[in-house]
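For reference, coords_33.txt is printed below; it contains compact mmCIF, C-alpha atoms.
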```txt
# COMPACT_ATOMS: atom_id res chain seq x y z
CA MET A 1 0.00 0.00 0.00
CA ALA A 2 1.28 3.47 -0.90
CA MET A 3 0.97 6.38 1.52
CA VAL A 4 1.19 9.99 0.43
CA LEU A 5 1.94 12.25 3.39
CA ILE A 6 1.38 15.97 2.87
CA HIS A 7 2.71 18.43 5.49
CA THR A 8 0.99 21.74 4.90
CA PRO A 9 -0.27 24.86 6.63
CA ALA A 10 -3.91 24.69 7.64
CA LEU A 11 -6.19 23.85 4.71
CA SER A 12 -9.96 23.82 4.59
CA ARG A 13 -11.83 20.57 4.23
CA ALA A 14 -12.74 21.42 0.63
CA GLN A 15 -9.09 22.12 -0.25
CA LYS A 16 -8.01 18.79 1.22
CA LEU A 17 -10.70 16.97 -0.76
CA ARG A 18 -9.63 18.62 -4.04
CA ILE A 19 -5.92 17.95 -3.46
CA GLY A 20 -6.56 14.37 -2.30
CA ASP A 21 -8.71 13.65 -5.36
CA ARG A 22 -6.02 15.01 -7.69
CA VAL A 23 -3.28 12.95 -6.04
CA LEU A 24 -5.36 9.77 -6.19
CA GLU A 25 -6.29 10.44 -9.82
CA ALA A 26 -2.66 11.11 -10.83
CA LEU A 27 -1.44 7.90 -9.17
CA HIS A 28 -4.31 5.94 -10.69
CA GLN A 29 -3.31 7.22 -14.16
CA GLU A 30 0.22 5.96 -13.50
CA GLY A 31 -1.10 2.45 -12.88
CA MET A 32 -1.61 2.44 -9.11
CA PRO A 33 -5.14 1.45 -8.15
CA ALA A 34 -6.79 4.09 -5.97
CA SER A 35 -7.64 1.34 -3.48
CA THR A 36 -3.93 0.94 -2.69
CA VAL A 37 -3.21 4.61 -1.92
CA VAL A 38 -3.76 6.57 1.30
CA VAL A 39 -3.44 10.37 1.31
CA LEU A 40 -2.76 11.80 4.75
CA PHE A 41 -2.64 15.51 5.57
CA LYS A 42 -0.61 16.61 8.59
CA PRO A 43 -0.29 20.16 9.89
CA GLU A 44 3.10 21.79 9.44
CA ASP A 45 4.77 21.81 12.83
CA ALA A 46 7.99 23.67 12.11
CA ASP A 47 8.90 27.13 10.91
CA ILE A 48 10.29 27.19 7.40
CA TYR A 49 12.98 29.75 6.63
CA LEU A 50 13.96 30.57 3.08
CA GLU A 51 16.32 33.11 1.60
CA GLY A 52 13.57 35.77 1.75
CA GLY A 53 12.88 35.20 5.45
CA LEU A 54 10.14 33.42 7.35
CA LEU A 55 7.75 31.72 4.94
CA TYR A 56 5.40 30.14 7.46
CA GLU A 57 5.07 30.37 11.21
CA ALA A 58 3.81 27.22 12.86
CA GLY A 59 0.56 27.73 14.72
CA ALA A 60 -2.14 25.73 16.38
CA SER A 61 -3.09 22.63 14.45
CA ARG A 62 -6.54 22.22 12.94
CA PRO A 63 -8.53 19.02 12.68
CA VAL A 64 -7.30 16.79 9.84
CA ALA A 65 -9.67 14.76 7.66
CA GLN A 66 -8.72 11.08 7.77
CA PRO A 67 -9.20 8.73 4.83
CA ALA A 68 -11.98 6.14 5.21
CA SER A 69 -10.73 3.73 2.64
CA PRO A 70 -8.41 4.66 -0.17
CA ALA A 71 -11.10 3.94 -2.76
CA ALA A 72 -13.73 6.02 -1.02
CA GLY A 73 -11.55 9.09 -0.44
CA PHE A 74 -12.23 10.87 2.84
CA ILE A 75 -14.76 10.34 5.59
CA PRO A 76 -17.55 12.86 5.23
CA GLY A 77 -18.00 14.45 8.60
CA PRO A 78 -19.01 17.66 10.25
CA PRO A 79 -17.21 20.68 8.85
CA ALA A 80 -14.12 21.71 10.77
CA ALA A 81 -14.98 24.32 13.38
CA VAL A 82 -13.78 27.78 12.57
CA VAL A 83 -11.54 28.83 15.43
CA ASP A 84 -11.65 32.49 16.36
CA PHE A 85 -8.13 33.87 16.65
CA LYS A 86 -9.03 35.32 20.07
CA THR A 87 -9.51 31.86 21.57
CA LYS A 88 -6.63 30.05 19.86
CA ALA A 89 -3.61 29.07 21.89
CA ARG A 90 -1.37 30.88 19.42
CA ARG A 91 -2.06 33.42 16.71
CA ASN A 92 -0.31 33.34 13.32
CA ARG A 93 1.67 36.21 11.78
CA GLY A 94 -1.21 37.30 9.52
CA GLU A 95 -3.64 37.58 12.43
CA LEU A 96 -1.13 39.56 14.48
CA ASP A 97 -0.35 41.89 11.57
CA GLU A 98 -4.06 42.54 11.06
CA LEU A 99 -4.50 43.25 14.77
CA LYS A 100 -1.55 45.65 14.75
CA SER A 101 -2.95 47.52 11.74
CA LYS A 102 -6.30 47.86 13.56
CA LEU A 103 -4.42 49.26 16.56
CA VAL A 104 -2.62 51.80 14.35
CA ALA A 105 -5.93 52.85 12.75
CA LEU A 106 -7.43 53.22 16.22
CA LEU A 107 -4.51 55.40 17.35
CA GLN A 108 -4.87 57.54 14.23
CA ASP A 109 -8.60 57.97 14.84
CA ARG A 110 -8.40 58.76 18.54
CA GLY A 111 -5.00 60.40 18.79
CA ALA A 112 -4.11 58.66 22.08
CA LEU A 113 -4.98 55.40 23.85
CA SER A 114 -4.30 53.48 27.00
CA SER A 115 -3.86 49.72 26.85
CA PHE A 116 -7.27 49.26 28.49
CA GLU A 117 -8.98 51.49 25.91
CA ALA A 118 -7.27 49.57 23.11
CA GLN A 119 -8.43 46.23 24.55
CA ASP A 120 -12.01 47.49 24.76
CA ALA A 121 -12.01 49.02 21.29
CA LEU A 122 -10.48 45.90 19.71
CA GLN A 123 -12.87 43.66 21.71
CA LEU A 124 -10.01 41.86 23.45
CA SER A 125 -11.05 42.49 27.05
CA ASP A 126 -11.67 38.80 27.73
CA CYS A 127 -8.41 37.61 26.12
CA ASP A 128 -5.68 36.92 28.68
CA TRP A 129 -2.99 37.20 25.97
CA ALA A 130 -4.07 40.68 24.85
CA PRO A 131 -2.22 42.91 27.39
CA ALA A 132 1.20 41.42 26.61
CA THR A 133 0.55 41.46 22.86
CA LEU A 134 -0.61 45.08 22.91
CA ARG A 135 2.40 46.10 25.02
CA ARG A 136 4.64 44.49 22.39
CA PHE A 137 2.79 46.34 19.60
CA PHE A 138 3.05 49.64 21.49
CA ALA A 139 6.78 49.04 22.08
CA ASP A 140 7.30 48.32 18.35
CA LEU A 141 5.41 51.49 17.38
CA GLU A 142 7.39 53.54 19.90
CA GLU A 143 10.67 52.13 18.53
CA GLU A 144 9.52 53.01 14.99
CA GLY A 145 8.84 56.57 16.16
CA ALA A 146 5.12 56.42 15.38
CA ILE A 147 3.92 56.96 18.96
CA LEU A 148 5.03 58.64 22.15
CA LYS A 149 4.64 56.90 25.52
CA GLN A 150 3.38 59.09 28.37
CA GLY A 151 2.94 58.13 32.00
CA GLN A 152 3.70 54.85 33.69
CA LYS A 153 2.00 51.68 34.89
CA ARG A 154 -1.81 51.93 34.75
CA GLY A 155 -1.64 55.60 33.74
CA THR A 156 0.36 54.93 30.57
CA ARG A 157 -1.05 56.50 27.40
CA TYR A 158 0.27 56.11 23.89
CA VAL A 159 0.02 59.22 21.75
CA TRP A 160 0.05 59.06 17.94
CA LYS A 161 2.85 61.32 16.65
CA GLY A 162 1.65 61.49 13.05
CA VAL A 163 -1.39 63.25 11.70
CA ALA A 164 -4.44 61.99 13.53
CA ASN A 165 -7.82 61.53 11.85
CA LEU A 166 -9.52 63.61 14.52
CA PRO A 167 -12.60 65.62 13.59
CA HIS A 168 -11.46 69.11 12.70
CA PRO A 169 -12.85 72.12 14.55
CA PRO A 170 -14.87 74.56 12.45
CA ALA A 171 -12.77 76.91 10.40
CA ALA A 172 -11.96 80.25 12.00
CA VAL A 173 -14.25 83.10 10.97
CA LYS A 174 -12.56 85.46 8.58
CA LEU A 175 -13.57 89.11 8.94
CA VAL A 176 -13.70 91.05 5.70
CA LYS A 177 -14.14 94.82 5.41
CA LYS A 178 -16.87 96.03 3.16
CA ASP A 179 -15.74 98.41 0.48
CA GLY A 180 -16.15 102.06 1.43
CA GLU A 181 -16.23 101.48 5.20
CA THR A 182 -13.45 102.04 7.64
```
Could I get this file's structure written as structure tokens?
Amino acid sequence: MAMVLIHTPALSRAQKLRIGDRVLEALHQEGMPASTVVVLFKPEDADIYLEGGLLYEAGASRPVAQPASPAAGFIPGPPAAVVDFKTKARRNRGELDELKSKLVALLQDRGALSSFEAQDALQLSDCDWAPATLRRFFADLEEEGAILKQGQKRGTRYVWKGVANLPHPPAAVKLVKKDGET
């Protein structure tokens, strides 16, 4: 019996079915009966570094569809539960980058934030990982020169140094003399 083992980042159930069908079909065309082949998907569990830098950061594993019998393909079962990044044990780079960009947008809109305000605005109040992650984001932004840290401990506020998207006050009234009057 032949076994095809595929280590990959998280794939949806539909993606696994399409890839598995293609692999089985290709091997069948090469003379291997589909009943003698098992396709097994395993989550990638190591970081892969290439010349350009980090390609993939290992994260929490997702449920893997198991083959029923090689001829039948995969066991149809309930769809894999979508895991909210707030409840996962570990967030991936894309999720963290998106969260950081939301934090930057929030700082630009409000001008200044405390960590508590950021947690509330980003709906992370119930996440025990949020304070440390936000502190790391604030430290990165401070190092980049985008924000200024004011205060200490619970009174710390982070002030956006760039142009904030604050509502502008009404324009100042310009007084104009009417011709012929002094």
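One distance worth recording is that between atom CA of Cys127 of chain A and atom CA of Arg90 of chain A, which is 11.8 Å.
The spacing separating atom CA of Lys102 of chain A from atom CA of Pro9 of chain A amounts to 24.8 Å.
Between atom CA of Asp21 of chain A and atom CA of Pro43 of chain A the separation is 18.6 Å.
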Subject >> Pick from A:Arg154, A:Lys86, A:Lys149, A:Arg110 nearest to Asp128 of chain A, counting all atoms listed in the file >> reply: A:Lys86
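When the distance limit is 10 Å and all atoms listed in the file are what count, the residues near Arg157 of chain A, minus those fewer than 5 positions from it on the same chain, are Ala112, Leu113, Ser114, Ser115, Phe116, Glu117, Phe138, Ile147, Leu148, Lys149, Gln150, Gly151 and Gln152 of chain A.
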**OP:** Could you give me, as a PyMOL selection string, the residues within 9 Å of Met3 of chain A, counting only C-alpha atoms and dropping anything in the same chain fewer than 5 positions from it?
**Re:** chain A and resi 36-40
Those same residues, written as a CSV table (one decimal), keeping the file's coordinate frame with C-alpha atoms?
```
chain,number,residue,atom,x,y,z
A,36,THR,CA,-3.9,0.9,-2.7
A,37,VAL,CA,-3.2,4.6,-1.9
A,38,VAL,CA,-3.8,6.6,1.3
A,39,VAL,CA,-3.4,10.4,1.3
A,40,LEU,CA,-2.8,11.8,4.8
```
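Nearest to Val23 of chain A of all the residues A:Ala10, A:Leu134, A:Leu5, A:Ala118 is A:Leu5, based on all atoms listed in the file.
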